[in-house]
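Okay, my_file01.tsv is below, TSV, C-alpha atoms and all ligand atoms:
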```tsv
chain	number	residue	atom	x	y	z
A	1	MET	CA	17.95	-12.71	23.77
A	2	ILE	CA	17.38	-10.26	20.91
A	3	VAL	CA	14.89	-7.56	21.85
A	4	ARG	CA	13.33	-6.12	18.74
A	5	PRO	CA	12.23	-2.49	18.92
A	6	THR	CA	8.49	-1.92	18.70
A	7	PRO	CA	7.56	-1.56	15.03
A	8	LEU	CA	6.09	1.79	13.99
A	9	LEU	CA	3.08	0.00	12.53
A	10	GLU	CA	1.80	-3.45	13.33
A	11	VAL	CA	-1.18	-4.89	11.50
A	12	ASN	CA	-2.62	-8.08	12.90
A	13	ALA	CA	-5.21	-10.29	11.12
A	14	LEU	CA	-6.93	-7.20	9.73
A	15	LYS	CA	-10.25	-7.74	7.94
A	16	LYS	CA	-12.68	-5.53	6.10
A	17	HIS	CA	-15.84	-7.11	4.78
A	18	TYR	CA	-18.29	-4.83	3.00
A	19	PRO	CA	-21.78	-6.20	3.62
A	20	LEU	CA	-23.88	-6.48	0.47
A	21	ASN	CA	-27.28	-4.82	0.55
A	22	LYS	CA	-29.87	-6.94	2.22
A	23	GLY	CA	-32.39	-8.40	-0.21
A	24	LEU	CA	-35.93	-7.08	-0.53
A	25	PHE	CA	-37.19	-9.66	1.96
A	26	GLY	CA	-34.37	-9.12	4.40
A	27	GLY	CA	-32.27	-12.10	3.28
A	28	ASP	CA	-28.55	-11.84	4.00
A	29	LYS	CA	-26.72	-11.36	0.73
A	30	GLY	CA	-23.23	-11.95	2.10
A	31	ALA	CA	-20.26	-9.62	1.83
A	32	VAL	CA	-17.31	-8.48	-0.26
A	33	TYR	CA	-14.27	-10.01	1.45
A	34	ALA	CA	-12.08	-7.07	0.42
A	35	LEU	CA	-9.50	-7.57	3.15
A	36	ASP	CA	-9.47	-10.96	4.79
A	37	GLY	CA	-6.83	-11.38	7.46
A	38	VAL	CA	-3.69	-9.37	6.70
A	39	SER	CA	-0.71	-9.16	9.09
A	40	PHE	CA	2.64	-7.38	8.80
A	41	THR	CA	4.88	-4.90	10.57
A	42	LEU	CA	6.55	-1.74	9.31
A	43	ASP	CA	9.53	-0.13	11.01
A	44	LYS	CA	10.33	3.53	11.35
A	45	GLY	CA	12.06	4.78	8.19
A	46	GLU	CA	11.14	1.68	6.21
A	47	THR	CA	9.21	1.24	2.96
A	48	LEU	CA	6.86	-1.70	2.56
A	49	SER	CA	5.19	-1.98	-0.82
A	50	ILE	CA	1.79	-3.59	-1.24
A	51	VAL	CA	1.35	-5.00	-4.75
A	52	GLY	CA	-1.26	-7.03	-6.59
A	53	GLU	CA	-3.83	-6.76	-9.38
A	54	SER	CA	-6.68	-4.31	-9.26
A	55	GLY	CA	-9.40	-5.33	-6.79
A	56	CYS	CA	-7.19	-7.43	-4.49
A	57	GLY	CA	-7.78	-5.12	-1.52
A	58	LYS	CA	-4.75	-2.80	-1.51
A	59	SER	CA	-6.71	0.43	-1.14
A	60	THR	CA	-9.01	-1.15	1.43
A	61	LEU	CA	-5.92	-2.05	3.47
A	62	GLY	CA	-4.69	1.57	3.32
A	63	LYS	CA	-8.10	3.01	4.14
A	64	THR	CA	-8.60	0.64	7.06
A	65	ILE	CA	-5.23	1.57	8.59
A	66	LEU	CA	-6.04	5.26	8.07
A	67	ARG	CA	-9.48	4.65	9.62
A	68	LEU	CA	-11.21	6.10	6.58
A	69	VAL	CA	-13.21	2.88	6.92
A	70	ASP	CA	-13.69	0.88	10.11
A	71	PRO	CA	-12.19	-2.61	10.21
A	72	THR	CA	-14.44	-5.66	10.53
A	73	ASP	CA	-11.88	-7.50	12.66
A	74	GLY	CA	-8.20	-7.52	13.59
A	75	GLU	CA	-5.84	-5.02	15.20
A	76	VAL	CA	-3.64	-2.09	14.19
A	77	PHE	CA	-0.92	-0.69	16.47
A	78	LEU	CA	1.01	2.55	16.02
A	79	ASP	CA	4.18	2.57	18.13
A	80	GLY	CA	2.68	-0.21	20.21
A	81	GLU	CA	-0.58	1.64	20.85
A	82	ARG	CA	-3.75	0.15	19.51
A	83	ILE	CA	-5.45	2.52	17.04
A	84	ASP	CA	-8.04	0.41	15.21
A	85	ASN	CA	-10.62	0.68	17.97
A	86	LEU	CA	-10.03	4.27	19.09
A	87	PRO	CA	-13.20	6.35	19.30
A	88	ALA	CA	-13.39	9.16	16.70
A	89	SER	CA	-12.59	11.72	19.42
A	90	LYS	CA	-9.22	10.05	20.12
A	91	LEU	CA	-8.03	9.73	16.51
A	92	ARG	CA	-6.39	13.14	16.38
A	93	ASP	CA	-2.83	12.10	17.22
A	94	MET	CA	-3.01	9.16	14.80
A	95	ARG	CA	-4.36	11.48	12.07
A	96	ARG	CA	-1.41	13.82	12.59
A	97	ARG	CA	1.15	11.02	12.40
A	98	VAL	CA	-0.31	8.94	9.57
A	99	GLN	CA	-0.95	10.79	6.33
A	100	VAL	CA	-1.96	9.75	2.82
A	101	VAL	CA	-1.15	10.65	-0.77
A	102	PHE	CA	-3.70	9.42	-3.32
A	103	GLN	CA	-3.33	8.70	-7.03
A	104	ASP	CA	-5.29	11.62	-8.33
A	105	PRO	CA	-4.05	14.95	-7.02
A	106	PHE	CA	-6.84	16.65	-8.99
A	107	SER	CA	-9.56	15.23	-6.82
A	108	SER	CA	-7.61	15.32	-3.56
A	109	LEU	CA	-6.51	18.98	-3.78
A	110	ASN	CA	-9.19	21.63	-3.32
A	111	PRO	CA	-9.22	23.58	-6.64
A	112	ARG	CA	-10.33	26.78	-4.89
A	113	GLN	CA	-7.47	26.83	-2.39
A	114	LYS	CA	-4.08	28.35	-3.09
A	115	VAL	CA	-1.14	26.02	-2.55
A	116	ARG	CA	-0.14	27.82	0.64
A	117	ASP	CA	-3.59	27.25	2.13
A	118	ILE	CA	-3.60	23.61	1.07
A	119	ILE	CA	-0.30	23.03	2.88
A	120	ALA	CA	-1.25	25.27	5.82
A	121	GLU	CA	-4.46	23.40	6.53
A	122	PRO	CA	-3.05	20.42	8.47
A	123	ILE	CA	-0.56	22.67	10.30
A	124	VAL	CA	-3.35	24.98	11.43
A	125	ASN	CA	-5.78	22.14	12.16
A	126	PHE	CA	-3.35	20.49	14.51
A	127	GLY	CA	-2.42	23.87	16.06
A	128	LEU	CA	1.27	23.48	15.17
A	129	ALA	CA	2.14	27.01	14.00
A	130	LYS	CA	0.66	30.37	13.06
A	131	GLY	CA	1.69	33.78	11.73
A	132	SER	CA	5.23	34.08	10.40
A	133	GLU	CA	6.15	30.70	11.83
A	134	LEU	CA	3.44	29.16	9.66
A	135	THR	CA	4.74	30.94	6.58
A	136	ASP	CA	8.30	29.76	7.30
A	137	ARG	CA	7.08	26.24	7.74
A	138	ILE	CA	5.22	26.28	4.42
A	139	ALA	CA	8.29	27.72	2.66
A	140	ALA	CA	10.46	24.96	4.12
A	141	LEU	CA	8.01	22.33	2.91
A	142	MET	CA	8.01	23.83	-0.60
A	143	ASP	CA	11.81	23.52	-0.58
A	144	LYS	CA	11.63	19.93	0.63
A	145	VAL	CA	9.39	18.84	-2.26
A	146	ARG	CA	11.40	21.03	-4.65
A	147	LEU	CA	8.68	23.41	-5.71
A	148	PRO	CA	9.54	27.08	-6.26
A	149	ARG	CA	8.38	29.21	-3.35
A	150	ASP	CA	6.31	31.50	-5.57
A	151	ALA	CA	4.12	28.46	-6.33
A	152	MET	CA	2.54	29.16	-2.93
A	153	ASN	CA	0.25	31.78	-4.35
A	154	ARG	CA	-1.04	29.74	-7.25
A	155	PHE	CA	-3.91	27.27	-7.63
A	156	PRO	CA	-3.59	23.49	-8.21
A	157	HIS	CA	-4.84	23.66	-11.83
A	158	GLU	CA	-1.83	25.80	-12.73
A	159	PHE	CA	0.49	22.84	-12.15
A	160	SER	CA	1.39	19.66	-14.03
A	161	GLY	CA	0.46	16.24	-12.62
A	162	GLY	CA	3.92	15.68	-11.14
A	163	GLN	CA	3.94	19.11	-9.49
A	164	ARG	CA	0.48	18.54	-8.08
A	165	GLN	CA	1.72	15.32	-6.57
A	166	ARG	CA	4.56	17.32	-4.95
A	167	ILE	CA	1.92	19.60	-3.42
A	168	GLY	CA	0.10	16.52	-2.10
A	169	ILE	CA	3.35	15.21	-0.61
A	170	ALA	CA	4.09	18.59	1.03
A	171	ARG	CA	0.63	18.53	2.59
A	172	ALA	CA	1.18	14.98	3.83
A	173	LEU	CA	4.51	15.99	5.40
A	174	ALA	CA	3.14	19.21	6.88
A	175	PRO	CA	1.98	17.98	10.30
A	176	GLY	CA	5.28	16.18	10.97
A	177	SER	CA	4.01	12.74	10.00
A	178	ASP	CA	5.84	9.47	10.70
A	179	LEU	CA	4.07	7.33	8.12
A	180	ILE	CA	2.71	8.15	4.68
A	181	VAL	CA	0.38	5.78	2.89
A	182	CYS	CA	0.96	6.31	-0.83
A	183	ASP	CA	-2.00	4.77	-2.68
A	184	GLU	CA	-0.99	4.51	-6.37
A	185	ALA	CA	0.65	7.90	-5.80
A	186	VAL	CA	2.72	7.77	-8.98
A	187	SER	CA	0.57	5.45	-11.11
A	188	ALA	CA	-1.08	8.18	-13.19
A	189	LEU	CA	2.17	10.00	-14.00
A	190	ASP	CA	4.35	9.79	-17.11
A	191	VAL	CA	7.35	7.48	-16.84
A	192	SER	CA	9.99	10.19	-16.34
A	193	VAL	CA	7.85	12.09	-13.84
A	194	LYS	CA	7.15	8.84	-11.99
A	195	ALA	CA	10.87	8.35	-11.48
A	196	GLN	CA	11.28	11.91	-10.19
A	197	ILE	CA	8.52	11.50	-7.61
A	198	VAL	CA	9.87	8.10	-6.55
A	199	ASN	CA	13.32	9.69	-6.08
A	200	LEU	CA	11.79	12.53	-4.10
A	201	LEU	CA	10.01	10.08	-1.80
A	202	SER	CA	13.18	8.13	-1.14
A	203	ASP	CA	15.17	11.31	-0.47
A	204	LEU	CA	12.49	12.50	1.95
A	205	GLN	CA	12.55	9.14	3.64
A	206	ASP	CA	16.32	9.34	4.19
A	207	GLU	CA	16.12	12.91	5.38
A	208	LEU	CA	13.12	12.60	7.69
A	209	GLY	CA	13.16	8.94	8.72
A	210	LEU	CA	9.67	8.53	7.25
A	211	ALA	CA	8.01	5.18	6.89
A	212	LEU	CA	6.12	4.55	3.65
A	213	LEU	CA	3.35	2.09	2.91
A	214	PHE	CA	3.64	2.19	-0.85
A	215	ILE	CA	0.56	0.74	-2.55
A	216	SER	CA	0.99	0.03	-6.26
A	217	HIS	CA	-0.14	-2.37	-8.95
A	218	ASP	CA	3.13	-1.59	-10.75
A	219	LEU	CA	5.98	-3.88	-9.64
A	220	ALA	CA	8.52	-2.16	-11.86
A	221	ILE	CA	8.18	1.10	-9.91
A	222	VAL	CA	8.27	-0.61	-6.54
A	223	GLU	CA	11.67	-2.17	-7.21
A	224	HIS	CA	13.32	1.25	-7.18
A	225	LEU	CA	12.27	2.40	-3.77
A	226	THR	CA	11.13	-0.39	-1.51
A	227	HIS	CA	12.80	-2.29	1.32
A	228	ARG	CA	10.19	-5.04	1.47
A	229	VAL	CA	7.27	-6.15	-0.66
A	230	ALA	CA	3.96	-7.79	0.27
A	231	VAL	CA	2.01	-9.40	-2.57
A	232	MET	CA	-1.76	-9.46	-2.13
A	233	TYR	CA	-4.30	-11.72	-3.81
A	234	LEU	CA	-8.04	-11.53	-3.08
A	235	GLY	CA	-7.75	-9.88	0.32
A	236	LYS	CA	-4.74	-11.81	1.61
A	237	ILE	CA	-0.96	-11.55	1.57
A	238	VAL	CA	0.38	-14.51	-0.40
A	239	GLU	CA	4.07	-13.60	-0.15
A	240	ILE	CA	6.13	-11.07	1.78
A	241	ALA	CA	9.89	-10.67	1.51
A	242	ASP	CA	12.72	-8.19	1.32
A	243	ARG	CA	13.16	-6.62	-2.10
A	244	ARG	CA	16.15	-8.63	-3.27
A	245	THR	CA	14.60	-11.94	-2.35
A	246	LEU	CA	11.23	-11.12	-3.82
A	247	PHE	CA	12.61	-9.94	-7.15
A	248	GLY	CA	15.48	-12.42	-7.26
A	249	SER	CA	13.87	-15.64	-6.02
A	250	PRO	CA	10.12	-15.24	-5.74
A	251	HIS	CA	8.41	-18.30	-4.28
A	252	HIS	CA	4.65	-17.97	-4.73
A	253	PRO	CA	3.37	-18.77	-8.25
A	254	TYR	CA	1.30	-15.58	-8.14
A	255	THR	CA	4.35	-13.44	-7.36
A	256	ARG	CA	6.16	-15.14	-10.22
A	257	ALA	CA	3.23	-14.46	-12.53
A	258	LEU	CA	3.26	-10.77	-11.62
A	259	LEU	CA	7.02	-10.63	-12.21
A	260	SER	CA	6.67	-12.47	-15.53
A	261	ALA	CA	4.41	-9.65	-16.69
A	262	VAL	CA	7.03	-6.98	-15.91
A	263	PRO	CA	9.04	-6.19	-19.04
A	264	VAL	CA	12.77	-6.61	-18.36
A	265	PRO	CA	15.41	-5.78	-20.99
A	266	ASN	CA	17.63	-8.86	-20.52
A	267	PRO	CA	15.81	-11.46	-18.49
A	268	ASP	CA	17.96	-13.88	-16.58
A	269	PRO	CA	17.66	-17.21	-18.49
A	270	LEU	CA	16.69	-18.97	-15.26
A	271	LEU	CA	13.90	-16.52	-14.61
A	272	ARG	CA	12.75	-16.75	-18.22
A	273	LYS	CA	12.46	-20.48	-17.78
A	274	ARG	CA	10.41	-19.93	-14.65
A	275	ARG	CA	7.92	-17.58	-16.24
A	276	VAL	CA	4.36	-18.07	-15.07
A	277	ILE	CA	1.70	-16.69	-17.35
A	278	LEU	CA	-1.55	-15.72	-15.65
A	279	LYS	CA	-4.79	-16.84	-17.21
A	280	GLY	CA	-8.21	-15.37	-16.62
A	281	ASP	CA	-9.37	-12.65	-14.27
A	282	VAL	CA	-9.25	-12.33	-10.51
A	283	PRO	CA	-12.27	-14.24	-9.11
A	284	SER	CA	-14.93	-12.28	-7.23
A	285	PRO	CA	-14.13	-11.41	-3.60
A	286	ILE	CA	-17.81	-12.07	-2.84
A	287	ASN	CA	-17.33	-15.82	-3.20
A	288	PRO	CA	-13.59	-16.34	-3.01
A	289	PRO	CA	-12.37	-19.81	-4.12
A	290	SER	CA	-12.04	-22.47	-1.41
A	291	GLY	CA	-8.65	-23.60	-0.13
A	292	CYS	CA	-5.92	-21.52	-1.76
A	293	ARG	CA	-7.64	-18.54	-3.35
A	294	PHE	CA	-5.19	-18.65	-6.24
A	295	HIS	CA	-5.92	-22.28	-7.11
A	296	THR	CA	-8.31	-21.42	-9.99
A	297	ARG	CA	-5.47	-19.71	-11.88
A	298	CYS	CA	-2.42	-21.56	-10.63
A	299	PRO	CA	-0.49	-23.67	-13.18
A	300	PHE	CA	0.85	-25.87	-10.36
A	301	VAL	CA	-2.51	-26.60	-8.69
A	302	MET	CA	-2.68	-29.86	-6.68
A	303	ASP	CA	-5.68	-31.54	-5.02
A	304	ARG	CA	-5.01	-30.17	-1.57
A	305	CYS	CA	-4.91	-26.58	-2.91
A	306	ARG	CA	-8.66	-26.80	-3.59
A	307	SER	CA	-9.58	-27.64	-0.03
A	308	GLU	CA	-6.77	-26.66	2.32
A	309	GLU	CA	-5.83	-23.05	2.79
A	310	PRO	CA	-2.05	-22.57	2.84
A	311	MET	CA	-0.68	-20.47	5.71
A	312	LEU	CA	1.96	-17.78	5.29
A	313	ARG	CA	5.17	-19.48	6.44
A	314	PRO	CA	8.93	-19.06	6.02
A	315	VAL	CA	10.38	-20.37	2.76
A	316	GLU	CA	13.11	-22.92	3.51
A	317	GLY	CA	13.39	-21.59	7.03
A	318	ASN	CA	14.15	-18.04	5.82
A	319	VAL	CA	12.03	-15.76	8.00
A	320	ARG	CA	12.73	-12.89	5.63
A	321	GLN	CA	10.63	-14.62	2.98
A	322	MET	CA	7.15	-15.88	3.83
A	323	SER	CA	4.90	-17.53	1.27
A	324	ALA	CA	1.42	-19.04	1.47
A	325	CYS	CA	1.72	-21.98	-0.92
A	326	HIS	CA	1.58	-25.77	-0.61
A	327	LEU	CA	4.48	-26.22	-3.06
A	328	ASP	CA	7.74	-27.09	-1.37
A	329	GLY	CA	10.26	-26.58	-4.12
A	330	VAL	CA	9.89	-24.17	-6.98
A	331	PRO	CA	9.03	-25.99	-10.22
A	332	GLU	CA	11.16	-24.94	-13.18
A	333	HIS	CA	8.51	-24.92	-15.86
A	334	GLY	CA	5.31	-22.94	-16.06
A	401	LIG	N1	-17.12	0.68	-0.29
A	401	LIG	C1	-17.12	-0.53	-0.85
A	401	LIG	N2	-18.23	-1.29	-0.84
A	401	LIG	C2	-18.25	-2.52	-1.39
A	401	LIG	N3	-17.18	-3.09	-1.98
A	401	LIG	C3	-16.03	-2.37	-2.03
A	401	LIG	C4	-15.94	-1.06	-1.48
A	401	LIG	N4	-14.68	-0.60	-1.67
A	401	LIG	C5	-14.01	-1.59	-2.33
A	401	LIG	N5	-14.83	-2.64	-2.54
A	401	LIG	C6	-14.46	-3.92	-3.19
A	401	LIG	O1	-13.41	-4.48	-2.45
A	401	LIG	C7	-12.48	-5.13	-3.29
A	401	LIG	C8	-11.09	-4.55	-3.06
A	401	LIG	O2	-11.07	-3.22	-3.52
A	401	LIG	P1	-9.80	-2.27	-3.39
A	401	LIG	O3	-9.32	-2.32	-1.99
A	401	LIG	O4	-10.16	-0.94	-3.94
A	401	LIG	O5	-8.74	-3.00	-4.32
A	401	LIG	P2	-7.40	-2.45	-5.02
A	401	LIG	O6	-7.03	-1.15	-4.37
A	401	LIG	O7	-6.38	-3.53	-4.79
A	401	LIG	O8	-7.71	-2.30	-6.46
A	401	LIG	C9	-12.99	-4.93	-4.71
A	401	LIG	O9	-13.74	-6.07	-5.09
A	401	LIG	C10	-13.89	-3.72	-4.58
A	401	LIG	O10	-14.90	-3.74	-5.56
A	402	MG	MG	-6.69	0.75	-5.22
```

Could you render the structure from this file as structure tokens?
Amino acid sequence: MIVRPTPLLEVNALKKHYPLNKGLFGGDKGAVYALDGVSFTLDKGETLSIVGESGCGKSTLGKTILRLVDPTDGEVFLDGERIDNLPASKLRDMRRRVQVVFQDPFSSLNPRQKVRDIIAEPIVNFGLAKGSELTDRIAALMDKVRLPRDAMNRFPHEFSGGQRQRIGIARALAPGSDLIVCDEAVSALDVSVKAQIVNLLSDLQDELGLALLFISHDLAIVEHLTHRVAVMYLGKIVEIADRRTLFGSPHHPYTRALLSAVPVPNPDPLLRKRRVILKGDVPSPINPPSGCRFHTRCPFVMDRCRSEEPMLRPVEGNVRQMSACHLDGVPEHG
């Protein structure tokens, strides 16, 4: 019998519904089904990327795991310990171990704090070091994210976007975290700077055994750093696979549509033939389509897709690739 080690993070049927304001006469106005039953695991030292168009629930997933918002239903385990239902007073250890880097370092770094104080804050808050030990620790973190040490005494506005993101990463590493949720952490950066930050994250991962939940709408960036990819559509995962499988033989028509939109210099003729062009916008998560949520935009839609919701299941028995689609084979033409 193969005994699998406990994953660092396990997310089980996680939901977040934002209730809409009750009407003037108290009528129930329903909810935004932002996250609607998402499950996956993430191992220590692994990167799982969460991709999908804007509004599909990626940030809600991150925020729910981080307990910046409370889940509506489902479970989250960190090292086998349930964390989704911990009372606020017991969240401290989870908050130390699970950190976040957001897209916009401008709004997430306090403009009135010097870099050293920004990085010191989590170390001091969690009572991990003080005095000269604190200073040494900050200096070591500056080295890790490749910022000059004299940057410690400057303010965030004195830095470029890429450098500010390095400060944000140093702060996220500071309390000795095991998992960093990167929510569009490189999306606002110029192409060359993006690549530098992606390289930094993968170096840090190798060095520290960090796990990354890398949220991005940009598939091209994800390909350079991820081990696995989960594709989300309207609050659900429609496909999850290891990187090579997902980029090389995507199964779900939505995944293929996202990949068709990624510019590639010399597309494989087979892949070119299998291009799927997306039409229209993502439907509203307030009234998601019946059956398969993608059926309103899917070029391969069949009758059963409108009524029967496809479950996430292994593609041709390959447990490393799961897809939620009623199609058995992959049609050649889009
Ligand atoms: N606090 C909130 N209240 C109501 N609806 C929200 C809230 N936050 C996000 N949403 C809605 O939930 C859906 C998913 O949003 P989000 O998780 O930010 O998507 P993504 O990060 O993939 O762009 C969107 O329709 C968004 O408008
Ligand atoms: Mg988002």

Kindly provide the residues of chain A that approach ligand MG 402 (chain A) to within 9 Å, each paired with its closest atom pair and their distance in Å to one decimal, based on only C-alpha atoms and all ligand atoms, listed by chain and increasing number, as JSON lines.
```
{"residue": "A:Ser54", "atom": "CA", "partner": "A:MG402", "partner_atom": "MG", "distance": 6.5}
{"residue": "A:Gly55", "atom": "CA", "partner": "A:MG402", "partner_atom": "MG", "distance": 6.8}
{"residue": "A:Cys56", "atom": "CA", "partner": "A:MG402", "partner_atom": "MG", "distance": 8.2}
{"residue": "A:Gly57", "atom": "CA", "partner": "A:MG402", "partner_atom": "MG", "distance": 7.0}
{"residue": "A:Lys58", "atom": "CA", "partner": "A:MG402", "partner_atom": "MG", "distance": 5.5}
{"residue": "A:Ser59", "atom": "CA", "partner": "A:MG402", "partner_atom": "MG", "distance": 4.1}
{"residue": "A:Thr60", "atom": "CA", "partner": "A:MG402", "partner_atom": "MG", "distance": 7.3}
{"residue": "A:Gly62", "atom": "CA", "partner": "A:MG402", "partner_atom": "MG", "distance": 8.8}
{"residue": "A:Gln103", "atom": "CA", "partner": "A:MG402", "partner_atom": "MG", "distance": 8.8}
{"residue": "A:Asp183", "atom": "CA", "partner": "A:MG402", "partner_atom": "MG", "distance": 6.7}
{"residue": "A:Glu184", "atom": "CA", "partner": "A:MG402", "partner_atom": "MG", "distance": 6.9}
{"residue": "A:Ile215", "atom": "CA", "partner": "A:MG402", "partner_atom": "MG", "distance": 7.7}
{"residue": "A:Ser216", "atom": "CA", "partner": "A:MG402", "partner_atom": "MG", "distance": 7.8}
{"residue": "A:His217", "atom": "CA", "partner": "A:MG402", "partner_atom": "MG", "distance": 8.2}
```

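Taking atom CA of A:His224 and atom CA of A:Val198 as the two end points, the separation is 7.7 Å.
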
Nearest residue to A:Gln163 from the set A:Glu121, A:Glu207, A:Asp104, A:Glu133 (distances using only C-alpha atoms):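 Looking only at the distances to A:Gln163, the closest residue turns out to be A:Asp104.
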
Mind giving me the axis-aligned box for stretch 62-80 of chain A with 8 Å on every side, centre plus edges in Å to one decimal, as lines of an AutoDock Vina configuration file?
```
center_x = -5.1
center_y = -0.7
center_z = 11.8
size_x = 34.6
size_y = 29.6
size_z = 32.9
```

Using all atoms listed in the file, find the one residue out of A:Lys63, A:Arg82, A:Lys130, A:Arg4 that sits nearest to ligand LIG 401 (chain A). A:Lys63

Using Å and a single decimal, report how far atom CA of A:Asp206 sits from atom CA of A:Asp143.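 Straight-line distance from atom CA of A:Asp143 to atom CA of A:Asp206 works out to 15.6 Å.
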
Which polymer residues have any atom within 8 Å of an atom of stretch 297-299 of chain A, counting all atoms listed in the file, with same-chain residues fewer than 4 positions away left out, as an mmCIF file with C-alpha atoms, in the coordinates of the input?
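Result went into part10.cif, see below:
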```cif
data_model
loop_
_atom_site.group_PDB
_atom_site.id
_atom_site.type_symbol
_atom_site.label_atom_id
_atom_site.label_comp_id
_atom_site.auth_asym_id
_atom_site.auth_seq_id
_atom_site.Cartn_x
_atom_site.Cartn_y
_atom_site.Cartn_z
ATOM 1 C CA PRO A 253 3.370 -18.770 -8.250
ATOM 2 C CA TYR A 254 1.300 -15.580 -8.140
ATOM 3 C CA VAL A 276 4.360 -18.070 -15.070
ATOM 4 C CA LEU A 278 -1.550 -15.720 -15.650
ATOM 5 C CA LYS A 279 -4.790 -16.840 -17.210
ATOM 6 C CA GLY A 280 -8.210 -15.370 -16.620
ATOM 7 C CA GLY A 334 5.310 -22.940 -16.060
#
```

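With distances taken over only C-alpha atoms and all ligand atoms, A:Leu35 is the one residue among A:Cys305, A:Ala185, A:Leu48, A:Leu35 lying closest to ligand LIG 401 (chain A).
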
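Those residues that approach A:Leu219 to within 8 Å, counting all atoms listed in the file, are Val51, Leu258, Leu259 and Val262 of chain A; same-chain residues fewer than 5 positions away are not listed.
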
What does the distance between atom CA of A:Thr41 and atom CA of A:Ala188 come to in Å, to one decimal place?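 The value is 27.8 Å.
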
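Minimum atom-to-atom distance to ligand LIG 401 (chain A), evaluated using only C-alpha atoms and all ligand atoms, belongs to A:Ala34 out of A:Ala34, A:Val11, A:Val319, A:Ala88.
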
Judged by only C-alpha atoms, the minimum distance to A:Ile240 among A:Asp328, A:Val191, A:His227, A:Asp117 is found for A:His227

Could you pull stretch 99-129 of chain A out of the structure I just pasted and write it to a file containing C-alpha atoms, as a compact mmCIF listing (two decimals), in the first residue's frame?
```txt
# COMPACT_ATOMS: atom_id res chain seq x y z
CA GLN A 99 1.34 34.60 3.83
CA VAL A 100 0.18 36.59 0.81
CA VAL A 101 1.66 38.81 -1.89
CA PHE A 102 -0.89 40.96 -3.74
CA GLN A 103 -0.75 42.51 -7.19
CA ASP A 104 -0.35 46.09 -6.14
CA PRO A 105 2.58 46.64 -3.82
CA PHE A 106 1.63 50.34 -3.66
CA SER A 107 -1.54 49.68 -1.75
CA SER A 108 -0.22 46.75 0.29
CA LEU A 109 2.93 48.48 1.60
CA ASN A 110 2.46 51.25 4.14
CA PRO A 111 3.92 54.39 2.47
CA ARG A 112 4.91 55.88 5.84
CA GLN A 113 6.97 52.89 6.95
CA LYS A 114 10.61 52.38 6.07
CA VAL A 115 11.40 49.07 4.39
CA ARG A 116 13.05 47.72 7.53
CA ASP A 117 9.89 48.37 9.56
CA ILE A 118 7.70 46.82 6.88
CA ILE A 119 9.76 43.62 6.99
CA ALA A 120 10.18 43.75 10.77
CA GLU A 121 6.46 43.94 11.44
CA PRO A 122 5.55 40.25 11.05
CA ILE A 123 8.74 39.16 12.85
CA VAL A 124 7.93 41.40 15.81
CA ASN A 125 4.20 40.58 15.75
CA PHE A 126 4.88 36.89 16.04
CA GLY A 127 7.59 37.50 18.68
CA LEU A 128 10.28 35.80 16.58
CA ALA A 129 13.25 38.13 17.14
```
